[in-house]
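S.K.: Structure supplied as start22.cif; contents: mmCIF, C-alpha atoms.
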data_entry
#
loop_
_atom_site.group_PDB
_atom_site.id
_atom_site.type_symbol
_atom_site.label_atom_id
_atom_site.label_comp_id
_atom_site.auth_asym_id
_atom_site.auth_seq_id
_atom_site.Cartn_x
_atom_site.Cartn_y
_atom_site.Cartn_z
ATOM 1 C CA MET A 1 -1.306 21.449 8.716
ATOM 2 C CA ARG A 2 -2.338 18.014 9.909
ATOM 3 C CA LEU A 3 1.073 16.317 9.510
ATOM 4 C CA LYS A 4 3.418 19.226 10.223
ATOM 5 C CA GLU A 5 7.029 18.019 10.524
ATOM 6 C CA LYS A 6 6.088 14.348 10.788
ATOM 7 C CA VAL A 7 8.703 12.140 9.120
ATOM 8 C CA ILE A 8 7.040 9.705 6.738
ATOM 9 C CA ILE A 9 8.282 6.899 4.476
ATOM 10 C CA VAL A 10 6.137 5.731 1.549
ATOM 11 C CA THR A 11 7.340 2.644 -0.322
ATOM 12 C CA ALA A 12 6.826 2.168 -4.093
ATOM 13 C CA SER A 13 5.765 5.772 -4.469
ATOM 14 C CA THR A 14 6.640 7.184 -7.892
ATOM 15 C CA ARG A 15 3.174 6.678 -9.355
ATOM 16 C CA GLY A 16 -0.388 5.584 -8.656
ATOM 17 C CA ILE A 17 -1.590 5.333 -5.084
ATOM 18 C CA GLY A 18 1.918 5.740 -3.641
ATOM 19 C CA TRP A 19 2.537 8.995 -5.484
ATOM 20 C CA ALA A 20 -0.882 10.330 -4.456
ATOM 21 C CA ILE A 21 -0.034 9.573 -0.824
ATOM 22 C CA VAL A 22 3.324 11.331 -1.102
ATOM 23 C CA GLN A 23 1.690 14.471 -2.461
ATOM 24 C CA ALA A 24 -1.117 14.479 0.095
ATOM 25 C CA CYS A 25 1.261 14.052 3.042
ATOM 26 C CA ALA A 26 3.628 16.746 1.765
ATOM 27 C CA LYS A 27 0.735 19.200 1.389
ATOM 28 C CA GLU A 28 -0.096 18.574 5.036
ATOM 29 C CA GLY A 29 3.407 19.607 6.122
ATOM 30 C CA ALA A 30 5.152 16.240 6.457
ATOM 31 C CA ILE A 31 8.752 15.450 5.575
ATOM 32 C CA VAL A 32 8.106 12.654 3.085
ATOM 33 C CA TYR A 33 10.614 10.071 1.885
ATOM 34 C CA MET A 34 9.885 8.164 -1.300
ATOM 35 C CA ALA A 35 11.381 4.689 -0.849
ATOM 36 C CA VAL A 36 12.300 3.720 -4.396
ATOM 37 C CA ARG A 37 14.813 1.860 -6.566
ATOM 38 C CA ARG A 38 15.663 4.831 -8.789
ATOM 39 C CA VAL A 39 16.574 7.543 -6.311
ATOM 40 C CA GLU A 40 17.796 10.102 -8.844
ATOM 41 C CA ASP A 41 14.640 9.738 -10.930
ATOM 42 C CA ALA A 42 12.515 10.332 -7.825
ATOM 43 C CA ARG A 43 14.501 13.437 -6.944
ATOM 44 C CA GLU A 44 13.953 14.771 -10.444
ATOM 45 C CA GLN A 45 10.238 14.025 -10.132
ATOM 46 C CA VAL A 46 9.854 16.158 -6.996
ATOM 47 C CA LYS A 47 12.276 19.009 -7.584
ATOM 48 C CA ASP A 48 9.583 21.517 -8.561
ATOM 49 C CA ARG A 49 7.369 20.537 -5.652
ATOM 50 C CA ASN A 50 10.225 21.146 -3.233
ATOM 51 C CA LYS A 51 10.623 24.630 -4.675
ATOM 52 C CA GLU A 52 7.022 25.282 -3.680
ATOM 53 C CA GLY A 53 7.838 24.608 -0.033
ATOM 54 C CA GLU A 54 6.925 20.934 0.228
ATOM 55 C CA ILE A 55 9.575 18.582 1.597
ATOM 56 C CA ILE A 56 9.853 15.401 -0.455
ATOM 57 C CA LYS A 57 13.047 13.356 -0.459
ATOM 58 C CA ALA A 58 14.128 9.965 -1.748
ATOM 59 C CA VAL A 59 15.707 6.949 -0.097
ATOM 60 C CA TYR A 60 16.910 3.759 -1.731
ATOM 61 C CA CYS A 61 14.777 0.650 -1.344
ATOM 62 C CA ASP A 62 14.622 -2.354 -3.663
ATOM 63 C CA ALA A 63 12.048 -5.039 -2.892
ATOM 64 C CA SER A 64 14.292 -7.651 -4.511
ATOM 65 C CA LYS A 65 16.957 -6.800 -1.911
ATOM 66 C CA PRO A 66 15.351 -7.296 1.515
ATOM 67 C CA GLU A 67 18.360 -5.822 3.280
ATOM 68 C CA THR A 68 17.338 -2.412 1.930
ATOM 69 C CA TYR A 69 14.189 -2.444 4.077
ATOM 70 C CA GLY A 70 16.330 -1.982 7.144
ATOM 71 C CA SER A 71 18.865 0.319 5.535
ATOM 72 C CA MET A 72 16.188 2.758 4.350
ATOM 73 C CA ILE A 73 14.777 3.075 7.876
ATOM 74 C CA LYS A 74 18.239 3.672 9.304
ATOM 75 C CA GLU A 75 19.066 6.276 6.650
ATOM 76 C CA VAL A 76 15.897 8.259 7.286
ATOM 77 C CA VAL A 77 16.403 8.180 11.059
ATOM 78 C CA ARG A 78 20.020 9.198 10.595
ATOM 79 C CA ASN A 79 18.941 12.157 8.439
ATOM 80 C CA GLU A 80 15.917 13.326 10.418
ATOM 81 C CA GLY A 81 16.477 11.968 13.912
ATOM 82 C CA ARG A 82 13.144 10.135 13.975
ATOM 83 C CA LEU A 83 10.503 8.208 12.059
ATOM 84 C CA ASP A 84 6.827 8.908 12.687
ATOM 85 C CA VAL A 85 4.972 7.069 9.916
ATOM 86 C CA LEU A 86 5.663 4.111 7.633
ATOM 87 C CA ILE A 87 3.304 3.559 4.701
ATOM 88 C CA ASN A 88 3.801 0.137 3.146
ATOM 89 C CA ASN A 89 2.506 0.637 -0.387
ATOM 90 C CA PHE A 90 4.680 -1.896 -2.223
ATOM 91 C CA GLY A 91 2.928 -4.942 -3.648
ATOM 92 C CA THR A 92 3.574 -7.217 -6.583
ATOM 93 C CA SER A 93 1.282 -9.283 -8.777
ATOM 94 C CA HIS A 94 1.927 -11.608 -11.712
ATOM 95 C CA PRO A 95 -1.450 -12.413 -13.328
ATOM 96 C CA ALA A 96 0.147 -14.420 -16.140
ATOM 97 C CA VAL A 97 1.266 -17.127 -13.692
ATOM 98 C CA ASP A 98 -0.900 -16.337 -10.644
ATOM 99 C CA LYS A 99 -4.080 -18.162 -11.601
ATOM 100 C CA ASP A 100 -6.440 -20.452 -9.699
ATOM 101 C CA ILE A 101 -5.683 -23.286 -7.279
ATOM 102 C CA GLU A 102 -5.354 -25.839 -10.090
ATOM 103 C CA ASN A 103 -3.137 -23.853 -12.430
ATOM 104 C CA THR A 104 -0.648 -21.999 -10.230
ATOM 105 C CA SER A 105 2.697 -23.589 -9.446
ATOM 106 C CA TYR A 106 3.898 -23.640 -5.861
ATOM 107 C CA GLU A 107 7.032 -21.730 -6.873
ATOM 108 C CA ASP A 108 5.010 -18.880 -8.394
ATOM 109 C CA PHE A 109 2.582 -18.926 -5.464
ATOM 110 C CA ILE A 110 5.218 -18.710 -2.754
ATOM 111 C CA SER A 111 7.263 -16.108 -4.643
ATOM 112 C CA THR A 112 4.394 -13.607 -4.640
ATOM 113 C CA VAL A 113 3.354 -14.386 -1.075
ATOM 114 C CA ASP A 114 6.918 -14.081 0.194
ATOM 115 C CA SER A 115 7.594 -10.790 -1.595
ATOM 116 C CA ASN A 116 4.384 -9.102 -0.481
ATOM 117 C CA LEU A 117 4.618 -10.285 3.113
ATOM 118 C CA ALA A 118 8.315 -9.460 3.464
ATOM 119 C CA SER A 119 7.649 -5.900 2.304
ATOM 120 C CA VAL A 120 5.357 -5.397 5.302
ATOM 121 C CA PHE A 121 6.910 -7.655 7.942
ATOM 122 C CA MET A 122 10.524 -6.562 7.532
ATOM 123 C CA THR A 123 9.865 -2.839 7.128
ATOM 124 C CA SER A 124 7.463 -2.799 10.088
ATOM 125 C CA GLN A 125 9.950 -4.685 12.252
ATOM 126 C CA GLN A 126 12.614 -2.045 11.633
ATOM 127 C CA ALA A 127 10.172 0.865 11.856
ATOM 128 C CA ILE A 128 8.924 -0.199 15.289
ATOM 129 C CA LYS A 129 12.478 -0.154 16.600
ATOM 130 C CA ALA A 130 12.837 3.439 15.412
ATOM 131 C CA MET A 131 9.387 4.570 16.563
ATOM 132 C CA LYS A 132 9.964 3.280 20.088
ATOM 133 C CA ASN A 133 12.659 5.914 20.488
ATOM 134 C CA ASN A 134 10.344 8.826 19.698
ATOM 135 C CA GLY A 135 7.358 7.709 21.760
ATOM 136 C CA GLY A 136 5.292 6.002 19.077
ATOM 137 C CA GLY A 137 4.204 6.192 15.477
ATOM 138 C CA SER A 138 1.858 4.884 12.823
ATOM 139 C CA ILE A 139 2.234 2.036 10.327
ATOM 140 C CA ILE A 140 -0.200 2.004 7.405
ATOM 141 C CA ASN A 141 -0.410 -1.018 5.134
ATOM 142 C CA ILE A 142 -1.895 -0.561 1.676
ATOM 143 C CA SER A 143 -3.495 -3.949 1.172
ATOM 144 C CA SER A 144 -6.308 -4.814 -1.268
ATOM 145 C CA ILE A 145 -9.964 -5.744 -1.439
ATOM 146 C CA GLY A 146 -8.527 -8.909 -2.987
ATOM 147 C CA GLY A 147 -7.456 -9.953 0.509
ATOM 148 C CA SER A 148 -11.048 -9.752 1.702
ATOM 149 C CA VAL A 149 -13.192 -10.844 -1.255
ATOM 150 C CA PRO A 150 -12.234 -14.152 -2.952
ATOM 151 C CA ASP A 151 -11.418 -13.998 -6.646
ATOM 152 C CA ILE A 152 -11.570 -16.535 -9.477
ATOM 153 C CA SER A 153 -7.843 -16.060 -10.129
ATOM 154 C CA GLN A 154 -4.682 -14.550 -8.558
ATOM 155 C CA ILE A 155 -4.680 -16.964 -5.645
ATOM 156 C CA ALA A 156 -1.191 -15.922 -4.484
ATOM 157 C CA TYR A 157 -1.937 -12.203 -4.549
ATOM 158 C CA GLY A 158 -5.207 -12.610 -2.642
ATOM 159 C CA THR A 159 -3.603 -14.915 -0.073
ATOM 160 C CA SER A 160 -0.730 -12.487 0.502
ATOM 161 C CA LYS A 161 -3.110 -9.567 1.014
ATOM 162 C CA ALA A 162 -5.307 -11.569 3.382
ATOM 163 C CA ALA A 163 -2.174 -12.381 5.373
ATOM 164 C CA ILE A 164 -1.208 -8.706 5.420
ATOM 165 C CA ASN A 165 -4.644 -7.834 6.815
ATOM 166 C CA TYR A 166 -4.148 -10.272 9.685
ATOM 167 C CA LEU A 167 -0.530 -9.195 10.164
ATOM 168 C CA THR A 168 -1.805 -5.628 10.514
ATOM 169 C CA ARG A 169 -3.911 -6.637 13.499
ATOM 170 C CA LEU A 170 -1.057 -8.627 15.037
ATOM 171 C CA ILE A 171 1.267 -5.623 14.754
ATOM 172 C CA ALA A 172 -1.424 -3.403 16.266
ATOM 173 C CA VAL A 173 -1.688 -5.665 19.315
ATOM 174 C CA GLN A 174 2.013 -6.372 19.742
ATOM 175 C CA ALA A 175 3.295 -2.820 19.168
ATOM 176 C CA ALA A 176 0.607 -1.001 21.157
ATOM 177 C CA LYS A 177 2.815 -1.009 24.253
ATOM 178 C CA TYR A 178 5.155 1.329 22.365
ATOM 179 C CA ASN A 179 2.268 3.575 21.231
ATOM 180 C CA VAL A 180 2.796 2.332 17.675
ATOM 181 C CA ARG A 181 -0.463 2.003 15.766
ATOM 182 C CA CYS A 182 -1.041 -0.147 12.686
ATOM 183 C CA ASN A 183 -3.972 0.032 10.259
ATOM 184 C CA ALA A 184 -4.645 -1.250 6.749
ATOM 185 C CA ILE A 185 -6.366 0.333 3.748
ATOM 186 C CA LEU A 186 -7.911 -2.075 1.235
ATOM 187 C CA PRO A 187 -8.424 -0.349 -2.144
ATOM 188 C CA GLY A 188 -10.769 -1.812 -4.697
ATOM 189 C CA MET A 189 -10.452 -0.921 -8.378
ATOM 190 C CA ILE A 190 -8.588 2.405 -8.444
ATOM 191 C CA ALA A 191 -8.011 4.492 -11.565
ATOM 192 C CA THR A 192 -4.241 4.119 -11.845
ATOM 193 C CA ASP A 193 -1.915 3.608 -14.802
ATOM 194 C CA ALA A 194 -1.543 -0.043 -13.796
ATOM 195 C CA VAL A 195 -5.302 -0.613 -14.086
ATOM 196 C CA ALA A 196 -5.437 1.248 -17.389
ATOM 197 C CA GLN A 197 -2.592 -0.817 -18.840
ATOM 198 C CA ASN A 198 -3.495 -4.263 -17.513
ATOM 199 C CA LEU A 199 -7.293 -4.464 -17.655
ATOM 200 C CA SER A 200 -9.435 -4.284 -20.768
ATOM 201 C CA GLU A 201 -12.187 -1.696 -21.105
ATOM 202 C CA GLU A 202 -14.664 -4.553 -21.317
ATOM 203 C CA PHE A 203 -13.561 -6.002 -17.998
ATOM 204 C CA LYS A 204 -13.512 -2.585 -16.290
ATOM 205 C CA ARG A 205 -17.091 -1.898 -17.397
ATOM 206 C CA PHE A 206 -18.120 -5.355 -16.207
ATOM 207 C CA PHE A 207 -16.432 -4.881 -12.835
ATOM 208 C CA ILE A 208 -17.889 -1.415 -12.282
ATOM 209 C CA ARG A 209 -21.409 -2.805 -12.696
ATOM 210 C CA HIS A 210 -20.844 -4.644 -9.408
ATOM 211 C CA ILE A 211 -19.673 -1.547 -7.512
ATOM 212 C CA PRO A 212 -22.627 0.126 -5.734
ATOM 213 C CA LEU A 213 -21.124 3.610 -6.173
ATOM 214 C CA GLY A 214 -20.813 2.896 -9.890
ATOM 215 C CA ARG A 215 -17.253 4.026 -10.541
ATOM 216 C CA MET A 216 -13.588 3.323 -9.917
ATOM 217 C CA GLY A 217 -11.904 5.029 -7.010
ATOM 218 C CA ARG A 218 -9.272 7.743 -7.363
ATOM 219 C CA PRO A 219 -5.752 7.573 -5.925
ATOM 220 C CA ASP A 220 -6.353 10.785 -3.974
ATOM 221 C CA GLU A 221 -9.287 9.117 -2.189
ATOM 222 C CA ILE A 222 -6.930 6.446 -0.869
ATOM 223 C CA ALA A 223 -4.381 9.130 0.003
ATOM 224 C CA ALA A 224 -6.931 11.043 2.081
ATOM 225 C CA LEU A 225 -7.440 8.026 4.325
ATOM 226 C CA ALA A 226 -3.670 7.509 4.594
ATOM 227 C CA VAL A 227 -3.339 11.109 5.811
ATOM 228 C CA TYR A 228 -5.962 10.409 8.465
ATOM 229 C CA PHE A 229 -4.178 7.301 9.748
ATOM 230 C CA ALA A 230 -0.837 9.149 9.682
ATOM 231 C CA GLY A 231 -2.083 12.046 11.759
ATOM 232 C CA ASP A 232 -3.083 12.689 15.346
ATOM 233 C CA GLU A 233 -6.804 12.527 14.503
ATOM 234 C CA SER A 234 -6.473 8.735 14.516
ATOM 235 C CA ALA A 235 -4.401 8.566 17.708
ATOM 236 C CA TYR A 236 -6.904 6.132 19.258
ATOM 237 C CA THR A 237 -7.374 4.026 16.120
ATOM 238 C CA THR A 238 -5.381 0.859 15.573
ATOM 239 C CA GLY A 239 -5.904 -2.600 14.102
ATOM 240 C CA GLN A 240 -8.479 -1.355 11.608
ATOM 241 C CA ILE A 241 -8.915 -2.989 8.194
ATOM 242 C CA VAL A 242 -10.725 -0.444 6.039
ATOM 243 C CA GLU A 243 -12.143 -1.351 2.640
ATOM 244 C CA VAL A 244 -12.186 1.515 0.136
ATOM 245 C CA SER A 245 -13.922 -0.204 -2.730
ATOM 246 C CA GLY A 246 -17.069 1.726 -3.550
ATOM 247 C CA GLY A 247 -19.019 -1.031 -1.818
ATOM 248 C CA PHE A 248 -17.685 -3.886 -3.937
ATOM 249 C CA GLY A 249 -18.001 -7.156 -2.070
ATOM 250 C CA ILE A 250 -21.002 -6.157 0.039
ATOM 251 C CA PRO A 251 -23.694 -8.025 -1.949
ATOM 252 C CA THR A 252 -21.878 -11.369 -2.107
ATOM 253 C CA PRO A 253 -24.452 -13.107 -4.356
ATOM 254 C CA VAL A 254 -23.610 -10.562 -7.066
ATOM 255 C CA TYR A 255 -19.971 -11.631 -6.938
ATOM 256 C CA GLY A 256 -21.127 -15.154 -7.663
ATOM 257 C CA ASP A 257 -22.376 -13.885 -11.010
ATOM 258 C CA MET A 258 -18.814 -12.873 -11.853
ATOM 259 C CA ALA A 259 -17.524 -16.353 -11.144
ATOM 260 C CA HIS A 260 -19.896 -17.768 -13.757
ATOM 261 C CA SER A 261 -19.342 -15.091 -16.356
ATOM 262 C CA ASP A 262 -17.595 -15.716 -19.652
ATOM 263 C CA THR A 263 -15.801 -12.381 -19.306
ATOM 264 C CA LYS A 264 -12.056 -12.901 -18.871
ATOM 265 C CA ARG A 265 -9.479 -10.577 -17.365
#
Can the structure in the file be given as structure tokens, please?
M.R.:
Amino acid sequence: MRLKEKVIIVTASTRGIGWAIVQACAKEGAIVYMAVRRVEDAREQVKDRNKEGEIIKAVYCDASKPETYGSMIKEVVRNEGRLDVLINNFGTSHPAVDKDIENTSYEDFISTVDSNLASVFMTSQQAIKAMKNNGGGSIINISSIGGSVPDISQIAYGTSKAAINYLTRLIAVQAAKYNVRCNAILPGMIATDAVAQNLSEEFKRFFIRHIPLGRMGRPDEIAALAVYFAGDESAYTTGQIVEVSGGFGIPTPVYGDMAHSDTKR
């Protein structure tokens, strides 16, 4: 098992990419903590998996209460004696108010940027303190292709993810002396419930036409890369910003076609 007995925290992990990462890490032998608001619901969600020999637990974390970023780290360390991996999967987006530069209020802009950055900065700050005591660790930030490829809307979300990409590299440099690595995964359009509920079929078909591989990604494909960065195979890999987008964003002139399309999100 590639992650045997490693202690891992995954934020925002009851569904989608986060849940796929939890399952993948548990299958590889890790002790996985789901950092969530509804702890009892998470425990109910994993009870059958724990019966099968996987170790999945829950710890309280509420992104609207920044003090819980530190308390969740302390609780896990208190329970397990160490923390090996932190996977920052939390991210928020408000498309109804997060529009373009002309039509987004400063208050809405800064709210999204602050929430998404705090969820990485504050958790990583506390995690590094814990990882120093056990000789190192790995921080994995689930960012977005939106932080790399400019969009015609969601200016706050894209800015926050671009900042997270740079923050990843800063953490990698500044925490290397403690043998703490930090890498980021940038998913493109992934087949999650959130995508199914928030994007029209018309827009999804339009978007997929600009993906060289011709399809959406799967949550388990993101999870596989998270397992790699969590494990010892990537012990000499840090500061990497990896796009997992089926090639979206490579032929930049094609993206220009999207900017002039009448198709709306």
S.K.: Identify, on the basis of only C-alpha atoms, every residue whose closest approach to region 24-34 of chain A does not exceed 7 Å; exclude the query and any residue fewer than 3 positions from it along the same chain; express the result as a count of residues only.
M.R.: 22
S.K.: Under the PyMOL selection byres ((chain A and resi 155) around 8), which residues of this model are included? Write them out as a count of residues only.
M.R.: 14
S.K.: For the structure shown, which residues end up in the PyMOL selection byres ((chain A and resi 14) around 8)? Put them as a list of chain:residue names, please?
M.R.: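 Evaluating the PyMOL selection byres ((chain A and resi 14) around 8) on this file yields A:Ala12, A:Ser13, A:Arg15, A:Gly16, A:Gly18, A:Trp19, A:Met34, A:Val36, A:Ala42.
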S.K.: Which value, in Å to one decimal, gives the distance between CA of Leu117 (chain A) and CA of Pro150 (chain A)?
M.R.: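 Result for CA of Leu117 (chain A) versus CA of Pro150 (chain A): 18.3 Å, one decimal.
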S.K.: Measure the distance from CA of Ile171 (chain A) to CA of Gly81 (chain A) in Å and round it to one decimal.
M.R.: 23.3 Å
S.K.: Report, in Å with one decimal, the straight-line distance from CA of Asp41 (chain A) to CA of Val113 (chain A).
M.R.: 28.4 Å
S.K.: Smallest atom-to-atom distance to Ile110 (chain A): which of A:Ile222, A:Leu199, A:Val97, A:Ala230, using all atoms listed in the file?
M.R.: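 Smallest distance to Ile110 (chain A) is found for A:Val97.
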S.K.: If you apply the PyMOL selection byres ((chain A and resi 207-215) around 7) to this file, what residues do you get, as an MDAnalysis selection string?
M.R.: chainID A and resid 203:206 216:217 246:248 254
S.K.: Using all atoms listed in the file, tabulate the residues of region 225-244 of chain A lying at most 9 Å from any atom of region 173-191 of chain A, each with its closest atom pair and that distance in Å to one decimal, by chain and increasing residue number, as a Markdown table.
M.R.:
| residue | atom | partner | partner_atom | distance |
| --- | --- | --- | --- | --- |
| A:Leu225 | CA | A:Ile185 | CA | 7.8 |
| A:Ala226 | CA | A:Ile185 | CA | 7.7 |
| A:Phe229 | CA | A:Asn183 | CA | 7.3 |
| A:Ala235 | CA | A:Arg181 | CA | 7.9 |
| A:Tyr236 | CA | A:Arg181 | CA | 8.4 |
| A:Thr237 | CA | A:Arg181 | CA | 7.2 |
| A:Thr238 | CA | A:Arg181 | CA | 5.1 |
| A:Gly239 | CA | A:Asn183 | CA | 5.0 |
| A:Gln240 | CA | A:Asn183 | CA | 4.9 |
| A:Ile241 | CA | A:Ala184 | CA | 4.8 |
| A:Val242 | CA | A:Ile185 | CA | 5.0 |
| A:Glu243 | CA | A:Leu186 | CA | 4.5 |
| A:Val244 | CA | A:Pro187 | CA | 4.8 |
S.K.: Under the rule that all atoms listed in the file are counted, which of A:Gln126, A:Asn89, A:Asn198, A:Ser138 is the nearest residue to Glu75 (chain A)?
M.R.: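 Result for the nearest residue to Glu75 (chain A): A:Gln126.
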S.K.: Out of A:Ile140, A:Val120, A:Ile145, A:Asp48, which residue has the shortest atom-to-atom distance to Phe90 (chain A) when counting only C-alpha atoms?
M.R.: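 Looking only at the distances to Phe90 (chain A), the closest residue turns out to be A:Val120.
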S.K.: Which residue, A:Leu167, A:Ala96, A:Val76, A:Val195, has the smallest gap to Met131 (chain A) when you use only C-alpha atoms?
M.R.: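 Looking only at the distances to Met131 (chain A), the closest residue turns out to be A:Val76.
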S.K.: Assuming 5 Å of padding per side, give the centre and edge lengths of the axis-aligned box around every listed atom of region 102-115 of chain A, in Å to one decimal and as AutoDock Vina command-line options.
M.R.:
--center_x 1.1 --center_y -18.3 --center_z -6.1 --size_x 22.9 --size_y 25.0 --size_z 22.6
S.K.: Go through A:Glu52, A:Ala118, A:Val46, A:Asn88 and flag the residue nearest Glu67 (chain A), using only C-alpha atoms for the distances.
M.R.: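 Using only C-alpha atoms, Glu67 (chain A) sits closest to A:Ala118.
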S.K.: Taking all atoms listed in the file into account, name the residue in A:Thr123, A:Asp232, A:Glu202, A:Ala196 that is nearest to Ile87 (chain A).
M.R.: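 Distance minimum relative to Ile87 (chain A) lands on A:Thr123.
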S.K.: Some atoms are missing, so please complete region 140-147 of chain A with all heavy atoms and return it as a PDB file, in the coordinates of the input.
M.R.:
ATOM      1  N   ILE A 140       0.986   2.109   8.251  1.00  0.00           N
ATOM      2  CA  ILE A 140      -0.200   2.004   7.405  1.00  0.00           C
ATOM      3  C   ILE A 140       0.119   1.049   6.268  1.00  0.00           C
ATOM      4  O   ILE A 140       1.038   1.294   5.484  1.00  0.00           O
ATOM      5  CB  ILE A 140      -0.601   3.383   6.844  1.00  0.00           C
ATOM      6  CG1 ILE A 140      -0.813   4.381   7.981  1.00  0.00           C
ATOM      7  CG2 ILE A 140      -1.852   3.268   5.977  1.00  0.00           C
ATOM      8  CD1 ILE A 140      -0.802   5.833   7.531  1.00  0.00           C
ATOM      9  N   ASN A 141      -0.626  -0.027   6.184  1.00  0.00           N
ATOM     10  CA  ASN A 141      -0.410  -1.018   5.134  1.00  0.00           C
ATOM     11  C   ASN A 141      -1.452  -0.851   4.034  1.00  0.00           C
ATOM     12  O   ASN A 141      -2.653  -0.917   4.310  1.00  0.00           O
ATOM     13  CB  ASN A 141      -0.485  -2.429   5.722  1.00  0.00           C
ATOM     14  CG  ASN A 141       0.594  -2.685   6.752  1.00  0.00           C
ATOM     15  OD1 ASN A 141       1.717  -2.201   6.611  1.00  0.00           O
ATOM     16  ND2 ASN A 141       0.269  -3.435   7.790  1.00  0.00           N
ATOM     17  N   ILE A 142      -0.982  -0.632   2.809  1.00  0.00           N
ATOM     18  CA  ILE A 142      -1.895  -0.561   1.676  1.00  0.00           C
ATOM     19  C   ILE A 142      -2.077  -1.989   1.172  1.00  0.00           C
ATOM     20  O   ILE A 142      -1.219  -2.547   0.507  1.00  0.00           O
ATOM     21  CB  ILE A 142      -1.357   0.353   0.564  1.00  0.00           C
ATOM     22  CG1 ILE A 142      -0.987   1.730   1.139  1.00  0.00           C
ATOM     23  CG2 ILE A 142      -2.398   0.493  -0.544  1.00  0.00           C
ATOM     24  CD1 ILE A 142      -2.111   2.474   1.817  1.00  0.00           C
ATOM     25  N   SER A 143      -3.194  -2.566   1.519  1.00  0.00           N
ATOM     26  CA  SER A 143      -3.495  -3.949   1.172  1.00  0.00           C
ATOM     27  C   SER A 143      -4.363  -3.956  -0.086  1.00  0.00           C
ATOM     28  O   SER A 143      -4.068  -3.247  -1.041  1.00  0.00           O
ATOM     29  CB  SER A 143      -4.186  -4.636   2.357  1.00  0.00           C
ATOM     30  OG  SER A 143      -4.465  -5.983   2.076  1.00  0.00           O
ATOM     31  N   SER A 144      -5.440  -4.734  -0.095  1.00  0.00           N
ATOM     32  CA  SER A 144      -6.308  -4.814  -1.268  1.00  0.00           C
ATOM     33  C   SER A 144      -7.625  -5.462  -0.900  1.00  0.00           C
ATOM     34  O   SER A 144      -7.678  -6.320  -0.013  1.00  0.00           O
ATOM     35  CB  SER A 144      -5.628  -5.633  -2.366  1.00  0.00           C
ATOM     36  OG  SER A 144      -6.541  -5.917  -3.420  1.00  0.00           O
ATOM     37  N   ILE A 145      -8.683  -5.070  -1.592  1.00  0.00           N
ATOM     38  CA  ILE A 145      -9.964  -5.744  -1.439  1.00  0.00           C
ATOM     39  C   ILE A 145      -9.820  -7.218  -1.804  1.00  0.00           C
ATOM     40  O   ILE A 145     -10.584  -8.070  -1.338  1.00  0.00           O
ATOM     41  CB  ILE A 145     -11.042  -5.054  -2.310  1.00  0.00           C
ATOM     42  CG1 ILE A 145     -12.439  -5.606  -1.996  1.00  0.00           C
ATOM     43  CG2 ILE A 145     -10.730  -5.213  -3.783  1.00  0.00           C
ATOM     44  CD1 ILE A 145     -12.957  -5.189  -0.650  1.00  0.00           C
ATOM     45  N   GLY A 146      -8.791  -7.525  -2.605  1.00  0.00           N
ATOM     46  CA  GLY A 146      -8.527  -8.909  -2.987  1.00  0.00           C
ATOM     47  C   GLY A 146      -8.143  -9.796  -1.818  1.00  0.00           C
ATOM     48  O   GLY A 146      -8.187 -11.019  -1.920  1.00  0.00           O
ATOM     49  N   GLY A 147      -7.758  -9.186  -0.690  1.00  0.00           N
ATOM     50  CA  GLY A 147      -7.456  -9.953   0.509  1.00  0.00           C
ATOM     51  C   GLY A 147      -8.679 -10.190   1.368  1.00  0.00           C
ATOM     52  O   GLY A 147      -8.609 -10.873   2.392  1.00  0.00           O
TER      53      GLY A 147
END
